file structure01.cif (mmCIF, C-alpha atoms)
data_structure
loop_
_atom_site.label_atom_id
_atom_site.label_comp_id
_atom_site.auth_asym_id
_atom_site.auth_seq_id
_atom_site.Cartn_x
_atom_site.Cartn_y
_atom_site.Cartn_z
CA MET A 257 -1.46 10.75 23.90
CA GLY A 258 0.41 10.85 27.14
CA THR A 259 3.34 12.78 28.58
CA GLY A 260 5.59 12.07 31.54
CA LYS A 261 8.57 13.93 32.96
CA SER A 262 11.01 12.71 30.31
CA ALA A 263 9.00 10.61 27.87
CA ALA A 264 5.83 10.73 25.80
CA PHE A 265 3.71 8.45 23.66
CA ARG A 266 1.05 8.81 20.99
CA PHE A 267 -1.30 6.22 19.50
CA ASP A 268 -2.76 6.81 16.04
CA VAL A 269 -5.49 4.80 14.37
CA GLY A 270 -7.43 5.65 11.26
CA LEU A 271 -8.72 4.85 7.83
CA ASN A 272 -7.48 6.28 4.54
CA ILE A 273 -10.26 6.49 1.97
CA ARG A 274 -9.26 7.07 -1.65
CA ASP A 275 -11.28 7.17 -4.82
CA ILE A 276 -9.05 5.88 -7.63
CA PRO A 277 -9.98 6.49 -11.26
CA TYR A 278 -8.67 3.93 -13.74
CA ASN A 279 -8.57 3.18 -17.44
CA ALA A 280 -7.48 -0.42 -17.90
CA TYR A 281 -7.13 -2.38 -21.11
CA THR A 282 -7.12 -6.13 -20.42
CA ILE A 283 -6.42 -8.99 -22.81
CA VAL A 284 -7.78 -12.42 -21.85
CA SER A 285 -6.82 -15.67 -23.53
CA VAL A 286 -9.87 -17.96 -23.51
CA THR A 287 -9.85 -21.72 -24.11
CA ASN A 288 -13.16 -23.59 -24.32
CA THR A 289 -13.12 -27.36 -24.06
CA GLY A 290 -16.36 -29.13 -24.83
CA SER A 291 -17.80 -32.22 -26.45
CA PHE A 292 -17.01 -30.85 -29.93
CA GLY A 293 -13.33 -30.17 -29.15
CA THR A 294 -11.29 -27.22 -27.96
CA SER A 295 -11.42 -23.67 -29.26
CA SER A 296 -9.27 -20.70 -28.28
CA TYR A 297 -9.64 -16.99 -28.84
CA VAL A 298 -8.59 -13.67 -27.33
CA ALA A 299 -11.06 -11.30 -25.65
CA ASP A 300 -10.30 -7.61 -25.07
CA TYR A 301 -11.70 -5.42 -22.31
CA ASP A 302 -11.51 -1.65 -21.93
CA ASP A 303 -12.70 -0.61 -18.47
CA ILE A 304 -12.94 3.03 -17.43
CA SER A 305 -14.30 3.66 -13.95
CA ASN A 306 -13.54 4.68 -10.34
CA LYS A 307 -13.08 2.47 -7.31
CA THR A 308 -12.97 3.48 -3.65
CA GLN A 309 -10.23 1.88 -1.53
CA TYR A 310 -10.34 1.68 2.28
CA ASN A 311 -6.92 1.33 3.94
CA PRO A 312 -6.68 1.10 7.76
CA PHE A 313 -3.62 2.13 9.76
CA ALA A 314 -2.44 2.10 13.39
CA ALA A 315 0.80 3.29 14.99
CA ILE A 316 2.34 3.96 18.37
CA ILE A 317 5.17 6.43 18.90
CA ILE A 318 7.25 6.51 22.07
CA ASN A 319 9.97 9.10 22.59
CA SER A 320 12.16 10.63 25.25
CA PHE A 321 12.47 14.37 25.61
CA ASN A 322 15.09 15.96 27.78
CA LYS A 323 16.58 19.28 26.70
CA ASP A 324 19.75 18.60 28.68
CA TRP A 325 20.61 15.46 26.69
CA LEU A 326 22.70 15.63 23.52
CA PHE A 327 20.09 13.51 21.75
CA ASN A 328 16.76 11.84 22.54
CA ILE A 329 15.45 8.50 21.31
CA PHE A 330 12.20 7.41 19.70
CA LEU A 331 10.46 4.24 18.56
CA ASN A 332 7.64 4.19 16.04
CA ALA A 333 5.78 0.93 15.37
CA GLY A 334 2.80 0.55 13.12
CA TYR A 335 0.70 -1.30 10.58
CA ARG A 336 -0.90 0.03 7.41
CA SER A 337 -2.45 -1.44 4.34
CA GLN A 338 -2.12 -0.10 0.85
CA SER A 339 -4.39 -1.03 -2.04
CA VAL A 340 -4.24 -0.40 -5.71
CA VAL A 341 -7.23 -0.91 -7.92
CA ASN A 342 -8.36 -4.53 -8.08
CA PHE A 343 -11.18 -5.15 -10.53
CA THR A 344 -12.66 -7.81 -12.77
CA PRO A 345 -12.69 -6.89 -16.47
CA LYS A 346 -16.27 -6.14 -17.59
CA ASP A 347 -16.52 -3.88 -20.64
CA GLY A 348 -15.67 -6.12 -23.57
CA VAL A 349 -14.33 -4.93 -26.90
CA TYR A 350 -15.51 -7.60 -29.31
CA HIS A 351 -13.75 -8.15 -32.62
CA ASN A 352 -16.02 -11.03 -33.59
CA PRO A 353 -19.58 -9.83 -34.19
CA PHE A 354 -20.97 -13.39 -33.71
CA TYR A 355 -19.48 -13.83 -30.21
CA TYR A 356 -21.69 -12.69 -27.32
CA GLU A 357 -20.84 -15.14 -24.50
CA GLU A 358 -19.74 -14.14 -20.99
CA VAL A 359 -16.10 -14.81 -20.09
CA TYR A 360 -15.30 -15.92 -16.55
CA VAL A 361 -11.74 -15.44 -15.29
CA THR A 362 -10.43 -18.71 -13.82
CA GLU A 363 -6.74 -17.79 -13.55
CA ASP A 364 -5.76 -14.18 -12.95
CA LEU A 365 -2.08 -13.50 -13.70
CA ARG A 366 -2.14 -9.89 -12.50
CA GLY A 367 -0.23 -8.97 -9.36
CA GLU A 368 -1.70 -8.66 -5.89
CA ALA A 369 -3.82 -5.60 -5.21
CA THR A 370 -3.41 -5.12 -1.43
CA ALA A 371 -0.31 -5.15 0.73
CA GLY A 372 -0.06 -4.97 4.50
CA ILE A 373 3.04 -3.25 5.87
CA VAL A 374 4.36 -3.67 9.41
CA ASP A 375 7.06 -1.14 10.23
CA ILE A 376 9.29 -0.48 13.21
CA THR A 377 11.43 2.67 13.21
CA PRO A 378 13.94 3.23 16.02
CA GLY A 379 16.04 6.38 15.99
CA LEU A 380 17.31 9.48 17.65
CA TYR A 381 16.75 13.16 17.30
CA PHE A 382 18.90 16.18 17.99
CA SER A 383 17.30 19.48 18.95
CA PHE A 384 18.83 22.73 17.81
CA GLY A 385 17.44 25.74 19.59
CA ASP A 386 13.74 26.01 20.23
CA SER A 387 12.86 25.88 16.55
CA GLY A 388 14.12 22.63 15.12
CA LYS A 389 15.17 18.99 15.21
CA ILE A 390 17.18 16.60 13.08
CA ILE A 391 15.74 13.07 13.13
CA LEU A 392 17.85 10.01 12.22
CA GLY A 393 16.61 6.45 12.15
CA ALA A 394 16.12 3.22 10.25
CA LYS A 395 12.71 2.00 9.12
CA PHE A 396 12.32 -1.79 9.13
CA ASN A 397 9.41 -2.85 6.89
CA TRP A 398 7.81 -6.28 6.62
CA ILE A 399 5.39 -6.61 3.72
CA THR A 400 2.47 -8.98 4.27
CA GLN A 401 -0.56 -10.15 2.27
CA ILE A 402 1.44 -10.58 -0.96
CA GLU A 403 2.21 -14.22 -1.69
CA ASP A 404 4.66 -14.02 -4.61
CA LEU A 405 7.17 -11.47 -3.36
CA ASP A 406 10.91 -12.08 -3.59
CA ASN A 407 11.85 -9.92 -0.62
CA THR A 408 9.30 -9.15 2.13
CA PHE A 409 11.77 -7.24 4.33
CA GLN A 410 13.21 -3.78 3.71
CA VAL A 411 15.44 -1.41 5.66
CA ILE A 412 15.05 2.26 4.74
CA PRO A 413 17.20 5.04 6.21
CA VAL A 414 15.36 7.98 7.75
CA LEU A 415 16.61 11.57 7.77
CA GLN A 416 14.16 14.33 8.59
CA PHE A 417 14.50 18.02 9.40
CA ASP A 418 11.78 19.63 11.53
CA PHE A 419 11.74 23.38 12.04
CA THR A 420 9.35 26.13 13.03
CA LEU A 421 9.21 29.41 11.17
#

call {"tool": "encode", "arguments": {"input": "structure01.cif", "output": "structure tokens"}}
result
Amino acid sequence: MGTGKSAAFRFDVGLNIRDIPYNAYTIVSVTNTGSFGTSSYVADYDDISNKTQYNPFAAIIINSFNKDWLFNIFLNAGYRSQSVVNFTPKDGVYHNPFYYEEVYVTEDLRGEATAGIVDITPGLYFSFGDSGKIILGAKFNWITQIEDLDNTFQVIPVLQFDFTL
């Protein structure tokens, strides 16, 4: 953190650690091609477990502060990652009592499990009295690490009320 006569900045860096419980039912279509021909069947998996996700983040915030001005400005820029549970199906539910082979996933049609998000938020804030602020801005997000995404850019309006009791 740092403070000057009419401006300040703050740098944040950290790691979000989350333990995510899941109960996932997965259906896998299996095709075996061998010397005796091709056979196809469906395998079912019912996985119940927990997985810990580690998501880093970093941000810098720069803002002006002058009580004589009608409004002050700020700029927030950062990166964060967000993960949902990504797992390989393991606990099989077998409908055929004579089938005991391992199934290896060669093509996974599920969506991506981790996204990186770069955001830049410029804006202004209005102070009212010594107890509050109204913050207005626009958050510009760029989503990374996901290959098959139709729109990797978002603009989100920001309206925030800060007050002290």

call {"tool": "atom_distance", "arguments": {"input": "structure01.cif", "atom1": "CA of Leu326 (chain A)", "atom2": "CA of Thr377 (chain A)"}}
result
20.0 Å

call {"tool": "atom_distance", "arguments": {"input": "structure01.cif", "atom1": "CA of Leu331 (chain A)", "atom2": "CA of Gly260 (chain A)"}}
result
15.9 Å

call {"tool": "atom_distance", "arguments": {"input": "structure01.cif", "atom1": "CA of Ile390 (chain A)", "atom2": "CA of Leu415 (chain A)"}}
result
7.3 Å

call {"tool": "resolve_selection", "arguments": {"input": "structure01.cif", "expression": "the PyMOL selection byres ((chain A and resi 275) around 7)", "output": "ChimeraX atom specification"}}
result
/A:273-274,276-277,306-309

call {"tool": "residues_around", "arguments": {"input": "structure01.cif", "residues": "Phe265 (chain A)", "least_positions_apart": "6", "cutoff": "8 Å", "atoms": "all atoms listed in the file", "output": "PyMOL selection string"}}
result
chain A and resi 257-259+316-319

call {"tool": "resolve_selection", "arguments": {"input": "structure01.cif", "expression": "the PyMOL selection byres ((chain A and resi 414) around 9)", "output": "PyMOL selection string"}}
result
chain A and resi 377+379+391-395+412-413+415-416

call {"tool": "resolve_selection", "arguments": {"input": "structure01.cif", "expression": "the PyMOL selection byres ((chain A and resi 268) around 10)", "output": "list in words"}}
result
Met257, Arg266, Phe267, Val269, Gly270, Phe313, Ala314, Ala315, Ile316, Ile317 and Gly334 of chain A

call {"tool": "write_last_selection", "arguments": {"input": "structure01.cif", "atoms": "C-alpha atoms", "output": "PDB file, in the frame of the given file"}}
result
ATOM      1  CA  MET A 257      -1.460  10.750  23.900  1.00  0.00           C
ATOM      2  CA  ARG A 266       1.050   8.810  20.990  1.00  0.00           C
ATOM      3  CA  PHE A 267      -1.300   6.220  19.500  1.00  0.00           C
ATOM      4  CA  VAL A 269      -5.490   4.800  14.370  1.00  0.00           C
ATOM      5  CA  GLY A 270      -7.430   5.650  11.260  1.00  0.00           C
ATOM      6  CA  PHE A 313      -3.620   2.130   9.760  1.00  0.00           C
ATOM      7  CA  ALA A 314      -2.440   2.100  13.390  1.00  0.00           C
ATOM      8  CA  ALA A 315       0.800   3.290  14.990  1.00  0.00           C
ATOM      9  CA  ILE A 316       2.340   3.960  18.370  1.00  0.00           C
ATOM     10  CA  ILE A 317       5.170   6.430  18.900  1.00  0.00           C
ATOM     11  CA  GLY A 334       2.800   0.550  13.120  1.00  0.00           C
TER      12      GLY A 334
END

call {"tool": "residues_around", "arguments": {"input": "structure01.cif", "residues": "Tyr297 (chain A)", "least_positions_apart": "4", "cutoff": "8 Å", "atoms": "all atoms listed in the file", "output": "JSON, numbers by chain"}}
result
{"A": [285, 286, 287]}

call {"tool": "write_last_selection", "arguments": {"input": "structure01.cif", "atoms": "C-alpha atoms", "output": "mmCIF file, in the coordinates of the input"}}
result
data_model
loop_
_atom_site.group_PDB
_atom_site.id
_atom_site.type_symbol
_atom_site.label_atom_id
_atom_site.label_comp_id
_atom_site.auth_asym_id
_atom_site.auth_seq_id
_atom_site.Cartn_x
_atom_site.Cartn_y
_atom_site.Cartn_z
ATOM 1 C CA SER A 285 -6.820 -15.670 -23.530
ATOM 2 C CA VAL A 286 -9.870 -17.960 -23.510
ATOM 3 C CA THR A 287 -9.850 -21.720 -24.110
#

call {"tool": "closest_residue", "arguments": {"input": "structure01.cif", "among": "A:Ala263, A:Ile399, A:Leu421, A:Ile373", "to": "Lys323 (chain A)", "atoms": "only C-alpha atoms"}}
result
A:Ala263

call {"tool": "closest_residue", "arguments": {"input": "structure01.cif", "among": "A:Trp325, A:Phe292, A:Phe417, A:Tyr335", "to": "Asn311 (chain A)", "atoms": "all atoms listed in the file"}}
result
A:Tyr335

call {"tool": "decode", "arguments": {"input": "structure01.cif", "residues": "region 317-332 of chain A", "atoms": "all heavy atoms", "output": "compact mmCIF listing (two decimals), in the first residue's frame"}}
result
# COMPACT_ATOMS: atom_id res chain seq x y z
N ILE A 317 -4.86 -1.44 -7.30
CA ILE A 317 -5.90 -0.41 -7.25
C ILE A 317 -5.20 0.93 -7.07
O ILE A 317 -4.39 1.09 -6.16
CB ILE A 317 -6.88 -0.66 -6.09
CG1 ILE A 317 -7.49 -2.05 -6.20
CG2 ILE A 317 -7.97 0.42 -6.05
CD1 ILE A 317 -8.06 -2.57 -4.92
N ILE A 318 -5.53 1.86 -7.95
CA ILE A 318 -4.99 3.21 -7.88
C ILE A 318 -6.17 4.16 -7.81
O ILE A 318 -7.11 4.03 -8.60
CB ILE A 318 -4.12 3.53 -9.12
CG1 ILE A 318 -2.98 2.51 -9.25
CG2 ILE A 318 -3.58 4.94 -9.06
CD1 ILE A 318 -2.28 2.55 -10.57
N ASN A 319 -6.14 5.10 -6.86
CA ASN A 319 -7.25 6.05 -6.79
C ASN A 319 -6.78 7.41 -6.31
O ASN A 319 -5.77 7.54 -5.62
CB ASN A 319 -8.36 5.54 -5.88
CG ASN A 319 -7.94 5.40 -4.44
OD1 ASN A 319 -7.27 4.42 -4.09
ND2 ASN A 319 -8.30 6.36 -3.61
N SER A 320 -7.54 8.42 -6.72
CA SER A 320 -7.29 9.77 -6.22
C SER A 320 -8.16 9.96 -4.98
O SER A 320 -9.15 9.25 -4.78
CB SER A 320 -7.65 10.81 -7.29
OG SER A 320 -9.04 10.78 -7.56
N PHE A 321 -7.77 10.88 -4.13
CA PHE A 321 -8.64 11.25 -3.01
C PHE A 321 -8.38 12.71 -2.66
O PHE A 321 -7.31 13.09 -2.23
CB PHE A 321 -8.46 10.32 -1.80
CG PHE A 321 -7.10 10.32 -1.18
CD1 PHE A 321 -6.78 11.21 -0.15
CD2 PHE A 321 -6.14 9.44 -1.61
CE1 PHE A 321 -5.52 11.21 0.42
CE2 PHE A 321 -4.87 9.44 -1.05
CZ PHE A 321 -4.56 10.32 -0.03
N ASN A 322 -9.36 13.49 -2.94
CA ASN A 322 -9.31 14.92 -2.62
C ASN A 322 -10.72 15.32 -2.21
O ASN A 322 -11.65 15.28 -3.03
CB ASN A 322 -8.84 15.71 -3.84
CG ASN A 322 -8.58 17.16 -3.50
OD1 ASN A 322 -9.28 17.75 -2.68
ND2 ASN A 322 -7.58 17.73 -4.15
N LYS A 323 -10.88 15.70 -0.97
CA LYS A 323 -12.22 16.01 -0.45
C LYS A 323 -12.83 17.25 -1.10
O LYS A 323 -14.04 17.43 -1.06
CB LYS A 323 -12.16 16.17 1.06
CG LYS A 323 -11.89 14.88 1.76
CD LYS A 323 -12.04 15.02 3.25
CE LYS A 323 -11.77 13.66 3.86
NZ LYS A 323 -12.44 13.45 5.09
N ASP A 324 -12.00 18.08 -1.71
CA ASP A 324 -12.52 19.29 -2.34
C ASP A 324 -13.09 19.04 -3.74
O ASP A 324 -13.80 19.87 -4.27
CB ASP A 324 -11.41 20.35 -2.43
CG ASP A 324 -10.94 20.80 -1.06
OD1 ASP A 324 -11.76 20.74 -0.12
OD2 ASP A 324 -9.76 21.20 -0.94
N TRP A 325 -12.75 17.90 -4.34
CA TRP A 325 -13.25 17.59 -5.68
C TRP A 325 -14.67 17.06 -5.60
O TRP A 325 -15.05 16.41 -4.61
CB TRP A 325 -12.37 16.55 -6.36
CG TRP A 325 -10.97 17.01 -6.68
CD1 TRP A 325 -10.45 18.25 -6.50
CD2 TRP A 325 -9.94 16.21 -7.22
NE1 TRP A 325 -9.14 18.28 -6.90
CE2 TRP A 325 -8.80 17.03 -7.35
CE3 TRP A 325 -9.85 14.88 -7.62
CZ2 TRP A 325 -7.59 16.58 -7.86
CZ3 TRP A 325 -8.65 14.44 -8.12
CH2 TRP A 325 -7.54 15.27 -8.24
N LEU A 326 -15.44 17.28 -6.66
CA LEU A 326 -16.80 16.74 -6.73
C LEU A 326 -16.77 15.22 -6.76
O LEU A 326 -17.58 14.55 -6.13
CB LEU A 326 -17.52 17.29 -7.97
CG LEU A 326 -18.91 16.74 -8.25
CD1 LEU A 326 -19.85 17.09 -7.10
CD2 LEU A 326 -19.45 17.28 -9.56
N PHE A 327 -15.83 14.67 -7.51
CA PHE A 327 -15.65 13.22 -7.56
C PHE A 327 -14.17 12.90 -7.67
O PHE A 327 -13.37 13.74 -8.05
CB PHE A 327 -16.44 12.59 -8.71
CG PHE A 327 -16.02 13.07 -10.07
CD1 PHE A 327 -14.97 12.47 -10.76
CD2 PHE A 327 -16.67 14.13 -10.67
CE1 PHE A 327 -14.57 12.92 -12.00
CE2 PHE A 327 -16.29 14.58 -11.92
CZ PHE A 327 -15.24 13.98 -12.59
N ASN A 328 -13.81 11.68 -7.32
CA ASN A 328 -12.45 11.17 -7.46
C ASN A 328 -12.48 9.99 -8.42
O ASN A 328 -13.54 9.40 -8.67
CB ASN A 328 -11.89 10.74 -6.10
CG ASN A 328 -11.47 11.93 -5.26
OD1 ASN A 328 -10.39 12.45 -5.46
ND2 ASN A 328 -12.33 12.37 -4.35
N ILE A 329 -11.32 9.61 -8.93
CA ILE A 329 -11.25 8.54 -9.92
C ILE A 329 -10.49 7.35 -9.33
O ILE A 329 -9.73 7.49 -8.37
CB ILE A 329 -10.58 9.01 -11.23
CG1 ILE A 329 -9.16 9.50 -10.97
CG2 ILE A 329 -11.43 10.08 -11.90
CD1 ILE A 329 -8.37 9.81 -12.23
N PHE A 330 -10.74 6.18 -9.93
CA PHE A 330 -9.99 4.98 -9.53
C PHE A 330 -9.79 4.09 -10.74
O PHE A 330 -10.50 4.18 -11.75
CB PHE A 330 -10.71 4.20 -8.42
CG PHE A 330 -11.95 3.49 -8.86
CD1 PHE A 330 -11.91 2.18 -9.32
CD2 PHE A 330 -13.19 4.13 -8.81
CE1 PHE A 330 -13.06 1.53 -9.73
CE2 PHE A 330 -14.34 3.48 -9.22
CZ PHE A 330 -14.27 2.18 -9.67
N LEU A 331 -8.81 3.21 -10.63
CA LEU A 331 -8.54 2.19 -11.64
C LEU A 331 -8.15 0.93 -10.89
O LEU A 331 -7.25 0.94 -10.05
CB LEU A 331 -7.40 2.60 -12.58
CG LEU A 331 -7.00 1.55 -13.62
CD1 LEU A 331 -8.12 1.35 -14.63
CD2 LEU A 331 -5.72 1.94 -14.31
N ASN A 332 -8.85 -0.14 -11.18
CA ASN A 332 -8.57 -1.45 -10.59
C ASN A 332 -8.22 -2.38 -11.75
O ASN A 332 -8.98 -2.49 -12.70
CB ASN A 332 -9.80 -1.95 -9.84
CG ASN A 332 -9.58 -3.28 -9.17
OD1 ASN A 332 -8.57 -3.95 -9.38
ND2 ASN A 332 -10.55 -3.68 -8.36
